[in-house]
>>> print(open('model_1.txt').read())   # compact mmCIF, C-alpha atoms
# COMPACT_ATOMS: atom_id res chain seq x y z
CA MET A 1425 12.14 98.34 18.86
CA ASP A 1426 13.75 95.67 16.75
CA LEU A 1427 17.41 95.30 16.05
CA LYS A 1428 17.72 95.43 12.26
CA SER A 1429 20.73 93.19 11.83
CA GLU A 1430 20.80 93.50 8.06
CA SER A 1431 21.43 97.24 8.08
CA SER A 1432 23.10 97.63 11.50
CA THR A 1433 20.35 100.05 12.50
CA PHE A 1434 18.18 100.12 15.57
CA ASN A 1435 14.71 101.60 15.06
CA GLY A 1436 16.09 104.01 12.48
CA TRP A 1437 19.26 104.90 14.40
CA LYS A 1438 22.75 103.74 13.60
CA LEU A 1439 23.71 100.91 15.91
CA GLU A 1440 26.86 102.67 17.09
CA ASP A 1441 24.81 105.75 18.08
CA VAL A 1442 22.39 103.60 20.08
CA LEU A 1443 25.21 101.91 21.91
CA VAL A 1444 26.95 105.20 22.67
CA GLY A 1445 23.69 106.53 24.07
CA ARG A 1446 23.31 103.37 26.07
CA ASP A 1447 26.78 103.84 27.57
CA TRP A 1448 25.75 107.32 28.68
CA ALA A 1449 22.62 105.88 30.26
CA PHE A 1450 24.72 103.37 32.18
CA GLN A 1451 26.63 106.24 33.76
CA THR A 1452 23.58 108.06 35.11
CA LYS A 1453 23.14 107.93 38.87
CA GLU A 1454 19.51 106.93 38.74
CA SER A 1455 19.54 103.81 36.57
CA THR A 1456 16.41 101.70 36.55
CA MET A 1457 18.00 98.91 38.56
CA SER A 1458 19.69 100.99 41.25
CA SER A 1459 16.63 103.17 41.89
CA THR A 1460 13.87 100.55 41.96
CA HIS A 1461 15.15 97.53 43.88
CA GLN A 1462 12.02 95.72 42.76
CA PRO A 1463 11.68 91.92 42.76
CA ILE A 1464 13.14 89.85 39.93
CA ALA A 1465 12.06 86.26 39.34
CA ILE A 1466 14.03 83.50 37.62
CA ILE A 1467 12.57 80.41 35.95
CA GLY A 1468 15.13 77.77 34.99
CA VAL A 1469 17.32 78.80 37.90
CA THR A 1470 19.15 75.49 38.44
CA GLY A 1471 20.61 75.16 34.93
CA ASN A 1472 23.73 76.76 33.48
CA GLN A 1473 21.86 79.82 32.29
CA GLY A 1474 19.70 80.35 35.33
CA SER A 1475 22.50 79.85 37.83
CA SER A 1476 24.65 82.36 35.97
CA VAL A 1477 21.82 84.89 36.08
CA LEU A 1478 21.15 84.17 39.75
CA ASP A 1479 24.77 84.66 40.77
CA SER A 1480 24.95 88.01 38.98
CA LEU A 1481 21.62 89.34 40.23
CA LEU A 1482 22.45 88.41 43.81
CA THR A 1483 25.13 91.12 43.67
CA THR A 1484 22.34 93.72 43.31
CA PRO A 1485 19.94 95.03 45.97
CA HIS A 1486 16.98 93.45 44.19
CA PRO A 1487 14.99 90.74 45.96
CA ILE A 1488 15.38 87.61 43.86
CA ARG A 1489 12.63 85.01 43.60
CA ALA A 1490 13.79 81.61 42.33
CA LEU A 1491 10.86 79.56 41.01
CA THR A 1492 11.97 75.94 40.85
CA GLY A 1493 10.75 72.41 41.23
CA ASN A 1494 14.08 71.46 42.81
CA PRO A 1495 14.63 73.83 45.75
CA SER A 1496 17.24 71.54 47.31
CA LYS A 1497 19.62 72.45 44.48
CA LEU A 1498 19.73 76.00 45.83
CA SER A 1499 20.21 75.09 49.50
CA HIS A 1500 23.83 76.31 49.46
CA TYR A 1501 22.78 79.92 48.87
CA ARG A 1502 22.63 82.02 52.02
CA GLN A 1503 21.83 85.50 50.69
CA SER A 1504 18.97 87.21 52.48
CA THR A 1505 17.71 88.72 49.22
CA LEU A 1506 16.99 85.26 47.75
CA HIS A 1507 13.60 83.62 48.19
CA VAL A 1508 13.28 80.11 46.80
CA GLN A 1509 9.71 79.22 45.93
CA THR A 1510 8.82 75.63 45.06
CA THR A 1511 7.03 75.89 41.73
CA ASP A 1512 5.81 73.48 39.10
CA ILE A 1513 6.33 75.68 36.05
CA THR A 1514 3.84 73.59 34.05
CA SER A 1515 1.12 74.81 36.44
CA PRO A 1516 -0.13 78.30 35.50
CA ALA A 1517 -1.60 78.71 38.99
CA GLN A 1518 1.76 78.05 40.65
CA VAL A 1519 3.61 80.28 38.20
CA ASN A 1520 1.09 83.06 38.81
CA ALA A 1521 1.61 82.72 42.55
CA GLY A 1522 5.35 83.08 42.06
CA LEU A 1523 5.10 86.10 39.77
CA LYS A 1524 2.81 88.28 41.89
CA GLY A 1525 4.53 91.60 42.53
CA VAL A 1526 7.50 90.76 40.27
CA TRP A 1527 9.07 93.61 38.27
CA ALA A 1528 11.23 91.57 35.88
CA LEU A 1529 11.42 87.91 34.93
CA PHE A 1530 14.19 85.82 33.37
CA VAL A 1531 13.04 82.59 31.74
CA ASN A 1532 14.88 79.63 30.30
CA THR A 1533 13.28 76.25 29.67
CA LEU A 1534 14.84 72.87 28.93
CA SER A 1535 14.61 71.56 25.37
CA ASP A 1536 13.62 68.05 26.39
CA TYR A 1537 13.58 65.81 23.32
CA SER A 1538 11.90 63.00 25.28
CA LYS A 1539 8.73 65.13 25.39
CA PRO A 1540 6.32 65.47 22.44
CA GLU A 1541 7.18 68.14 19.91
CA GLY A 1542 5.49 71.42 20.79
CA THR A 1543 5.75 70.87 24.56
CA GLU A 1544 8.41 73.52 25.14
CA GLU A 1545 6.72 76.11 22.94
CA ALA A 1546 3.41 75.64 24.76
CA LEU A 1547 5.15 75.92 28.14
CA LEU A 1548 6.91 79.14 27.19
CA LYS A 1549 3.70 80.69 25.90
CA SER A 1550 1.95 79.74 29.14
CA ILE A 1551 4.70 81.41 31.18
CA ILE A 1552 4.47 84.52 29.00
CA ASP A 1553 0.72 84.62 29.58
CA SER A 1554 1.31 84.36 33.33
CA ALA A 1555 3.79 87.23 33.19
CA VAL A 1556 1.18 89.41 31.50
CA GLU A 1557 -1.56 88.38 33.93
CA CYS A 1558 0.65 89.18 36.93
CA GLY A 1559 1.75 92.57 35.63
CA VAL A 1560 5.43 91.71 35.10
CA GLN A 1561 7.00 94.72 33.42
CA TYR A 1562 10.13 93.23 31.81
CA LEU A 1563 10.57 89.74 30.43
CA VAL A 1564 14.10 88.58 29.58
CA LEU A 1565 13.48 85.44 27.55
CA SER A 1566 16.20 82.99 26.61
CA ALA A 1567 15.18 82.43 23.02
CA LEU A 1568 16.87 81.23 19.84
CA PRO A 1569 16.99 82.88 16.42
CA ALA A 1570 14.35 82.21 13.80
CA GLY A 1571 15.32 80.51 10.56
CA MET A 1572 17.14 77.47 11.95
CA PRO A 1573 15.40 74.20 10.95
CA ALA A 1574 15.85 72.49 14.31
CA ARG A 1575 13.28 71.65 16.97
CA ALA A 1576 14.60 73.71 19.89
CA TYR A 1577 15.15 76.73 17.65
CA ILE A 1578 11.64 76.52 16.26
CA ALA A 1579 10.08 76.24 19.73
CA LYS A 1580 12.07 79.09 21.27
CA SER A 1581 11.83 81.40 18.24
CA ASN A 1582 8.06 80.84 18.04
CA ALA A 1583 7.80 81.74 21.73
CA MET A 1584 9.86 84.87 21.03
CA GLU A 1585 7.48 85.94 18.27
CA TYR A 1586 4.55 85.25 20.59
CA ALA A 1587 6.07 87.53 23.25
CA LYS A 1588 6.49 90.28 20.66
CA GLN A 1589 2.84 89.95 19.65
CA ILE A 1590 1.64 89.92 23.25
CA SER A 1591 3.68 93.04 24.01
CA GLU A 1592 1.69 94.98 21.40
CA LYS A 1593 -1.52 94.55 23.40
CA SER A 1594 -0.20 94.46 26.97
CA ASP A 1595 2.25 96.23 29.26
CA LEU A 1596 4.83 93.42 29.04
CA LYS A 1597 8.17 94.55 27.61
CA PRO A 1598 10.15 91.58 26.24
CA ILE A 1599 13.90 91.37 25.72
CA PHE A 1600 15.57 88.37 24.11
CA VAL A 1601 18.91 86.75 24.84
CA GLN A 1602 20.00 84.10 22.34
CA MET A 1603 22.73 81.78 23.53
CA GLY A 1604 25.59 80.66 21.36
CA TRP A 1605 26.92 77.10 21.37
CA TYR A 1606 28.19 76.23 24.84
CA MET A 1607 31.97 75.96 25.04
CA SER A 1608 31.41 73.31 27.69
CA GLY A 1609 30.07 71.10 24.90
CA PHE A 1610 33.69 70.42 24.00
CA SER A 1611 34.18 68.86 27.41
CA GLY A 1612 30.82 67.11 27.22
CA TYR A 1613 28.86 65.46 24.45
CA MET A 1614 31.13 66.73 21.62
CA LYS A 1615 34.40 66.11 23.43
CA PRO A 1616 37.30 65.66 20.99
CA ILE A 1617 38.87 62.23 20.55
CA VAL A 1618 42.54 61.33 20.80
CA ASN A 1619 43.46 59.37 17.66
CA PRO A 1620 45.20 56.18 18.91
CA GLU A 1621 47.38 55.95 15.79
CA ASP A 1622 49.22 59.25 16.10
CA GLY A 1623 47.99 60.79 19.37
CA VAL A 1624 46.49 63.83 17.67
CA VAL A 1625 43.40 65.35 19.34
CA GLU A 1626 40.58 65.31 16.80
CA PHE A 1627 37.53 67.58 16.87
CA ARG A 1628 35.21 65.25 14.97
CA TRP A 1629 32.00 66.50 13.39
CA SER A 1630 29.54 65.45 10.73
CA THR A 1631 26.98 67.50 8.75
CA ILE A 1632 29.17 70.65 8.81
CA ASP A 1633 32.38 71.66 7.05
CA ASP A 1634 35.52 73.68 7.64
CA LYS A 1635 33.74 76.94 6.81
CA THR A 1636 30.86 76.54 9.27
CA TYR A 1637 31.00 79.18 11.98
CA PHE A 1638 30.29 78.38 15.62
CA PRO A 1639 29.24 81.29 17.86
CA LEU A 1640 30.64 80.14 21.22
CA VAL A 1641 29.74 81.16 24.77
CA SER A 1642 30.81 80.33 28.29
CA ALA A 1643 27.23 80.14 29.51
CA LEU A 1644 27.94 79.59 33.18
CA THR A 1645 30.10 82.68 33.56
CA ASP A 1646 28.93 85.13 30.91
CA LEU A 1647 25.14 85.18 30.61
CA GLY A 1648 24.57 86.52 34.12
CA PRO A 1649 26.54 89.75 33.64
CA VAL A 1650 24.72 90.31 30.33
CA VAL A 1651 21.28 90.00 31.96
CA LYS A 1652 22.35 92.17 34.88
CA ALA A 1653 23.47 94.90 32.46
CA ILE A 1654 20.24 94.62 30.50
CA LEU A 1655 18.15 95.15 33.63
CA GLU A 1656 20.16 98.19 34.62
CA ASN A 1657 18.55 99.99 31.67
CA PRO A 1658 15.92 97.66 30.23
CA GLU A 1659 14.18 100.31 28.14
CA GLN A 1660 17.20 100.31 25.84
CA TRP A 1661 16.64 96.68 24.91
CA ILE A 1662 12.89 96.17 24.47
CA ASN A 1663 12.23 93.68 21.64
CA VAL A 1664 15.94 93.47 20.86
CA GLU A 1665 17.45 90.05 20.06
CA ILE A 1666 20.87 89.84 21.72
CA PRO A 1667 23.23 87.03 20.67
CA VAL A 1668 25.11 86.03 23.82
CA VAL A 1669 28.40 85.04 22.23
CA GLY A 1670 32.03 85.49 23.24
CA ASP A 1671 33.85 84.04 20.24
CA VAL A 1672 33.05 82.98 16.68
CA LEU A 1673 35.24 80.21 15.22
CA THR A 1674 35.19 77.43 12.69
CA ILE A 1675 36.09 73.94 13.92
CA PRO A 1676 39.58 74.11 12.33
CA GLN A 1677 40.09 77.37 14.23
CA VAL A 1678 38.86 75.68 17.42
CA ALA A 1679 41.46 72.95 16.92
CA GLU A 1680 44.15 75.56 16.27
CA VAL A 1681 43.35 77.46 19.46
CA TYR A 1682 43.24 74.24 21.48
CA SER A 1683 46.67 73.24 20.17
CA ARG A 1684 48.13 76.65 20.92
CA VAL A 1685 46.84 76.70 24.49
CA THR A 1686 47.57 73.08 25.45
CA GLY A 1687 50.63 72.37 23.33
CA GLN A 1688 48.91 69.22 22.04
CA PRO A 1689 48.61 68.53 18.30
CA ALA A 1690 44.98 68.88 17.20
CA ARG A 1691 42.96 68.89 14.01
CA ALA A 1692 39.40 69.11 12.73
CA VAL A 1693 37.98 65.95 11.18
CA PHE A 1694 34.73 65.79 9.21
CA LEU A 1695 33.02 62.42 8.92
CA ASP A 1696 29.73 61.03 7.62
CA HIS A 1697 28.73 60.15 11.18
CA VAL A 1698 30.08 60.59 14.69
CA PRO A 1699 28.83 58.59 17.71
CA GLN A 1700 28.26 61.76 19.76
CA GLU A 1701 25.34 62.72 17.53
CA ALA A 1702 23.15 60.11 19.15
CA ILE A 1703 19.92 62.10 18.99
CA PRO A 1704 18.39 62.78 15.54
CA GLN A 1705 17.51 66.33 16.60
CA TRP A 1706 21.20 67.03 17.21
CA ILE A 1707 22.01 65.97 13.66
CA SER A 1708 19.37 68.28 12.20
CA ARG A 1709 20.58 71.09 14.45
CA HIS A 1710 24.22 70.66 13.42
CA LYS A 1711 23.20 70.43 9.77
CA GLY A 1712 21.37 73.72 10.20
CA TYR A 1713 24.55 75.41 11.40
CA LYS A 1714 26.00 74.83 7.93
CA GLU A 1715 22.92 75.39 5.78
CA ALA A 1716 21.23 78.31 7.56
CA GLY A 1717 23.85 79.58 9.99
CA TYR A 1718 23.54 79.45 13.78
CA PHE A 1719 22.37 83.07 13.62
CA PRO A 1720 20.81 83.31 10.15
CA LYS A 1721 20.59 87.13 10.23
CA TYR A 1722 24.37 87.31 10.59
CA VAL A 1723 25.38 85.10 7.67
CA GLY A 1724 28.27 86.85 5.96
CA ARG A 1725 28.77 89.08 9.01
CA GLU A 1726 29.74 86.44 11.56
CA THR A 1727 32.40 88.62 13.15
CA GLU A 1728 29.64 90.99 14.34
CA ILE A 1729 27.68 88.34 16.27
CA SER A 1730 29.36 89.06 19.60
CA ASP A 1731 29.16 92.88 19.40
CA LEU A 1732 26.03 93.41 21.50
CA ALA A 1733 27.02 90.94 24.20
CA ARG A 1734 30.47 92.48 24.51
CA LYS A 1735 28.89 95.91 24.87
CA LEU A 1736 26.85 94.59 27.78
CA ASN A 1737 29.62 92.42 29.22
CA PRO A 1738 33.12 93.37 28.05
CA GLN A 1739 34.50 90.31 29.88
CA MET A 1740 32.81 87.78 27.58
CA LYS A 1741 35.23 84.87 27.33
CA THR A 1742 36.96 83.85 24.13
CA PHE A 1743 37.48 80.14 23.54
CA GLU A 1744 41.13 80.60 24.44
CA GLN A 1745 40.21 82.21 27.76
CA TRP A 1746 37.73 79.41 28.48
CA LEU A 1747 40.40 76.78 27.82
CA ARG A 1748 42.86 78.50 30.15
CA ASP A 1749 40.28 79.08 32.89
CA THR A 1750 38.97 75.50 32.86
CA ASP A 1751 42.28 73.71 32.16
CA PHE A 1752 40.36 71.53 29.72
CA ASP A 1753 42.41 68.58 28.46
CA ALA A 1754 40.87 66.20 25.91
CA ARG A 1755 43.22 63.43 27.04
CA ASN A 1756 41.64 63.26 30.50
>>> encode(input="model_1.txt", output="structure tokens")
Amino acid sequence: MDLKSESSTFNGWKLEDVLVGRDWAFQTKESTMSSTHQPIAIIGVTGNQGSSVLDSLLTTPHPIRALTGNPSKLSHYRQSTLHVQTTDITSPAQVNAGLKGVWALFVNTLSDYSKPEGTEEALLKSIIDSAVECGVQYLVLSALPAGMPARAYIAKSNAMEYAKQISEKSDLKPIFVQMGWYMSGFSGYMKPIVNPEDGVVEFRWSTIDDKTYFPLVSALTDLGPVVKAILENPEQWINVEIPVVGDVLTIPQVAEVYSRVTGQPARAVFLDHVPQEAIPQWISRHKGYKEAGYFPKYVGRETEISDLARKLNPQMKTFEQWLRDTDFDARN
């Protein structure tokens, strides 16, 4: 079942009818998650996405299997339902060993630009093959939308299409979460600059303009509840692409919200080049935001991008909420 974004229909049904039906399903006493308590595995568990998913799933009765090459990063967890299994995810044999008996699998892989192009796509396809071989029933894949001319998007969207194809000839049922732009990027590699001449906080960008929309997400806090809700009734979401987004703003709107929350003057500035865009792939990615749209299917309907995520997790953070919760200050 594919989400037909262009017509707001879902396998022939109106989207609002599907979501109403889904709400009813959430209220049933015998939801899939609460009745099965079957094992769930996580690949990519030590990153922002994986740790968010882990924290949410540890609130359920499901046994959780964390497949990681860095088990020491999870040593602070004490829950009895968590089993940490040292796994080299580039080894199909080790992945297969970790997925035996698993009911559902969440996967996110790092887009490592130091590796040859095609590495991430091949890795994801190998993990998908392992999931099929081990009889995993539900795959929640952190993918990215097709149509964006940027390396990570191409790799993850190709893997998504591969999972769809594999599902037609196997028992694997894939579900796709597609992350928006991390709000934490504003406190990281795209941190705004304080102009020394007038003290105004400047959100400096190149390759985009004042009309380019940014679908924003607080990845660390908001993905986990989305995945947890998906796995409560996974049949509702098979082959659906879910943008995980809490707010959709242009950079001038980002500056406006920042100023309102912090009381500091702020503005958007568009330049030919900014030092933060140190990696060529970042430049092509940012350029794609303007030319194709972060979520190409939603161009012209950007206000709808967050609808599915908010249905799954009504507490998705807006940028204003993220600023208040983190006390982010560009001057520090």
>>> residues_around(input="model_1.txt", residues="Ile1666 of chain A", least_positions_apart="2", cutoff="7 Å", atoms="all atoms listed in the file", output="list in words")
Phe1600, Val1601, Gln1602, Val1664, Val1668, Leu1732 and Ala1733 of chain A
>>> residues_around(input="model_1.txt", residues="segment 1568-1578 of chain A", least_positions_apart="5", cutoff="7 Å", atoms="all atoms listed in the file", output="number ranges by chain")
A: 1535, 1602-1603, 1705, 1708-1709, 1712, 1716, 1718-1720
>>> closest_residue(input="model_1.txt", among="A:Phe1627, A:Tyr1501, A:Phe1530, A:Tyr1606", to="Trp1746 of chain A", atoms="all atoms listed in the file")
A:Tyr1606
>>> atom_distance(input="model_1.txt", atom1="atom CA of Gly1559 of chain A", atom2="atom CA of Ala1528 of chain A")
9.5 Å
>>> closest_residue(input="model_1.txt", among="A:Val1641, A:Ala1583, A:Val1624, A:Ile1513", to="Glu1545 of chain A", atoms="only C-alpha atoms")
A:Ala1583
>>> atom_distance(input="model_1.txt", atom1="atom CA of Val1672 of chain A", atom2="atom CA of Ala1567 of chain A")
19.0 Å
>>> atom_distance(input="model_1.txt", atom1="atom CA of Ala1546 of chain A", atom2="atom CA of Ala1587 of chain A")
12.3 Å
>>> closest_residue(input="model_1.txt", among="A:Ser1581, A:Ala1643, A:Ile1467, A:Glu1715", to="Ser1608 of chain A", atoms="all atoms listed in the file")
A:Ala1643
>>> residues_near_point(input="model_1.txt", point="(13.7, 65.6, 22.7)", cutoff="12 Å", atoms="all atoms listed in the file", output="PyMOL selection string")
chain A and resi 1534-1544+1574-1576+1579+1702-1706
>>> residues_around(input="model_1.txt", residues="Ser1499 of chain A", least_positions_apart="6", cutoff="12 Å", atoms="all atoms listed in the file", output="ChimeraX atom specification")
/A:1470,1490,1492,1506-1509
>>> closest_residue(input="model_1.txt", among="A:Val1469, A:Ala1690, A:Ala1517, A:Ile1632", to="Gly1717 of chain A", atoms="all atoms listed in the file")
A:Ile1632
>>> closest_residue(input="model_1.txt", among="A:Gln1462, A:Thr1686, A:Thr1484, A:Gln1473", to="Ser1642 of chain A", atoms="all atoms listed in the file")
A:Gln1473
>>> residues_around(input="model_1.txt", residues="Thr1727 of chain A", least_positions_apart="3", cutoff="9 Å", atoms="all atoms listed in the file", output="VMD selection string")
chain A and resid 1671 to 1672 1722 1724 1730 to 1731
>>> residues_around(input="model_1.txt", residues="segment 1521-1527 of chain A", least_positions_apart="6", cutoff="9 Å", atoms="all atoms listed in the file", output="ChimeraX atom specification")
/A:1462-1465,1489-1491,1509-1511,1554-1555,1558-1563
>>> closest_residue(input="model_1.txt", among="A:Tyr1613, A:Glu1557, A:Pro1689, A:Leu1655", to="His1461 of chain A", atoms="all atoms listed in the file")
A:Leu1655
>>> build_atoms(input="model_1.txt", residues="segment 1585-1596 of chain A", atoms="all heavy atoms", output="JSON list (two decimals), in the frame of the given file")
[["chain", "number", "residue", "atom", "x", "y", "z"],
["A", 1585, "GLU", "N", 8.43, 85.20, 19.09],
["A", 1585, "GLU", "CA", 7.48, 85.94, 18.27],
["A", 1585, "GLU", "C", 6.16, 86.14, 19.01],
["A", 1585, "GLU", "O", 5.52, 87.19, 18.89],
["A", 1585, "GLU", "CB", 7.25, 85.22, 16.94],
["A", 1585, "GLU", "CG", 8.47, 85.21, 16.03],
["A", 1585, "GLU", "CD", 9.02, 86.59, 15.76],
["A", 1585, "GLU", "OE1", 8.22, 87.52, 15.52],
["A", 1585, "GLU", "OE2", 10.26, 86.77, 15.83],
["A", 1586, "TYR", "N", 5.77, 85.14, 19.79],
["A", 1586, "TYR", "CA", 4.55, 85.25, 20.59],
["A", 1586, "TYR", "C", 4.69, 86.38, 21.61],
["A", 1586, "TYR", "O", 3.76, 87.18, 21.81],
["A", 1586, "TYR", "CB", 4.27, 83.92, 21.29],
["A", 1586, "TYR", "CG", 3.03, 83.91, 22.13],
["A", 1586, "TYR", "CD1", 1.77, 83.84, 21.55],
["A", 1586, "TYR", "CD2", 3.10, 83.93, 23.53],
["A", 1586, "TYR", "CE1", 0.61, 83.82, 22.33],
["A", 1586, "TYR", "CE2", 1.96, 83.90, 24.31],
["A", 1586, "TYR", "CZ", 0.71, 83.85, 23.70],
["A", 1586, "TYR", "OH", -0.43, 83.83, 24.47],
["A", 1587, "ALA", "N", 5.84, 86.46, 22.26],
["A", 1587, "ALA", "CA", 6.07, 87.53, 23.25],
["A", 1587, "ALA", "C", 6.01, 88.90, 22.59],
["A", 1587, "ALA", "O", 5.48, 89.86, 23.16],
["A", 1587, "ALA", "CB", 7.41, 87.32, 23.94],
["A", 1588, "LYS", "N", 6.55, 89.01, 21.38],
["A", 1588, "LYS", "CA", 6.49, 90.28, 20.66],
["A", 1588, "LYS", "C", 5.04, 90.67, 20.38],
["A", 1588, "LYS", "O", 4.65, 91.83, 20.54],
["A", 1588, "LYS", "CB", 7.28, 90.19, 19.36],
["A", 1588, "LYS", "CG", 8.78, 90.08, 19.52],
["A", 1588, "LYS", "CD", 9.47, 89.96, 18.17],
["A", 1588, "LYS", "CE", 10.98, 89.81, 18.31],
["A", 1588, "LYS", "NZ", 11.66, 89.67, 17.00],
["A", 1589, "GLN", "N", 4.24, 89.69, 19.95],
["A", 1589, "GLN", "CA", 2.84, 89.95, 19.65],
["A", 1589, "GLN", "C", 2.07, 90.35, 20.90],
["A", 1589, "GLN", "O", 1.27, 91.30, 20.89],
["A", 1589, "GLN", "CB", 2.21, 88.72, 19.01],
["A", 1589, "GLN", "CG", 2.78, 88.38, 17.64],
["A", 1589, "GLN", "CD", 2.34, 87.00, 17.16],
["A", 1589, "GLN", "OE1", 1.47, 86.37, 17.75],
["A", 1589, "GLN", "NE2", 2.96, 86.53, 16.09],
["A", 1590, "ILE", "N", 2.33, 89.62, 21.99],
["A", 1590, "ILE", "CA", 1.64, 89.92, 23.25],
["A", 1590, "ILE", "C", 1.99, 91.32, 23.74],
["A", 1590, "ILE", "O", 1.15, 92.04, 24.30],
["A", 1590, "ILE", "CB", 2.01, 88.86, 24.32],
["A", 1590, "ILE", "CG1", 1.37, 87.52, 23.97],
["A", 1590, "ILE", "CG2", 1.58, 89.32, 25.70],
["A", 1590, "ILE", "CD1", -0.14, 87.50, 24.00],
["A", 1591, "SER", "N", 3.24, 91.73, 23.52],
["A", 1591, "SER", "CA", 3.68, 93.04, 24.01],
["A", 1591, "SER", "C", 2.94, 94.19, 23.32],
["A", 1591, "SER", "O", 2.86, 95.30, 23.86],
["A", 1591, "SER", "CB", 5.18, 93.21, 23.82],
["A", 1591, "SER", "OG", 5.52, 93.36, 22.45],
["A", 1592, "GLU", "N", 2.40, 93.94, 22.13],
["A", 1592, "GLU", "CA", 1.69, 94.98, 21.40],
["A", 1592, "GLU", "C", 0.33, 95.29, 22.01],
["A", 1592, "GLU", "O", -0.24, 96.35, 21.76],
["A", 1592, "GLU", "CB", 1.52, 94.56, 19.93],
["A", 1592, "GLU", "CG", 2.85, 94.46, 19.18],
["A", 1592, "GLU", "CD", 2.66, 93.94, 17.77],
["A", 1592, "GLU", "OE1", 1.50, 93.62, 17.39],
["A", 1592, "GLU", "OE2", 3.66, 93.84, 17.02],
["A", 1593, "LYS", "N", -0.20, 94.35, 22.81],
["A", 1593, "LYS", "CA", -1.52, 94.55, 23.40],
["A", 1593, "LYS", "C", -1.51, 94.39, 24.92],
["A", 1593, "LYS", "O", -2.54, 94.13, 25.53],
["A", 1593, "LYS", "CB", -2.52, 93.58, 22.78],
["A", 1593, "LYS", "CG", -2.09, 92.13, 22.79],
["A", 1593, "LYS", "CD", -3.06, 91.25, 22.00],
["A", 1593, "LYS", "CE", -2.59, 89.81, 21.97],
["A", 1593, "LYS", "NZ", -3.48, 88.95, 21.16],
["A", 1594, "SER", "N", -0.33, 94.53, 25.51],
["A", 1594, "SER", "CA", -0.20, 94.46, 26.97],
["A", 1594, "SER", "C", 0.92, 95.38, 27.41],
["A", 1594, "SER", "O", 1.57, 96.03, 26.59],
["A", 1594, "SER", "CB", 0.08, 93.02, 27.42],
["A", 1594, "SER", "OG", 1.41, 92.65, 27.10],
["A", 1595, "ASP", "N", 1.18, 95.40, 28.73],
["A", 1595, "ASP", "CA", 2.25, 96.23, 29.26],
["A", 1595, "ASP", "C", 3.57, 95.48, 29.37],
["A", 1595, "ASP", "O", 4.57, 96.04, 29.84],
["A", 1595, "ASP", "CB", 1.87, 96.76, 30.64],
["A", 1595, "ASP", "CG", 0.69, 97.73, 30.57],
["A", 1595, "ASP", "OD1", 0.58, 98.44, 29.55],
["A", 1595, "ASP", "OD2", -0.10, 97.77, 31.53],
["A", 1596, "LEU", "N", 3.60, 94.22, 28.96],
["A", 1596, "LEU", "CA", 4.83, 93.42, 29.04],
["A", 1596, "LEU", "C", 5.85, 93.94, 28.02],
["A", 1596, "LEU", "O", 5.52, 94.17, 26.86],
["A", 1596, "LEU", "CB", 4.52, 91.96, 28.76],
["A", 1596, "LEU", "CG", 5.70, 90.99, 28.90],
["A", 1596, "LEU", "CD1", 6.11, 90.85, 30.36],
["A", 1596, "LEU", "CD2", 5.33, 89.61, 28.33]]
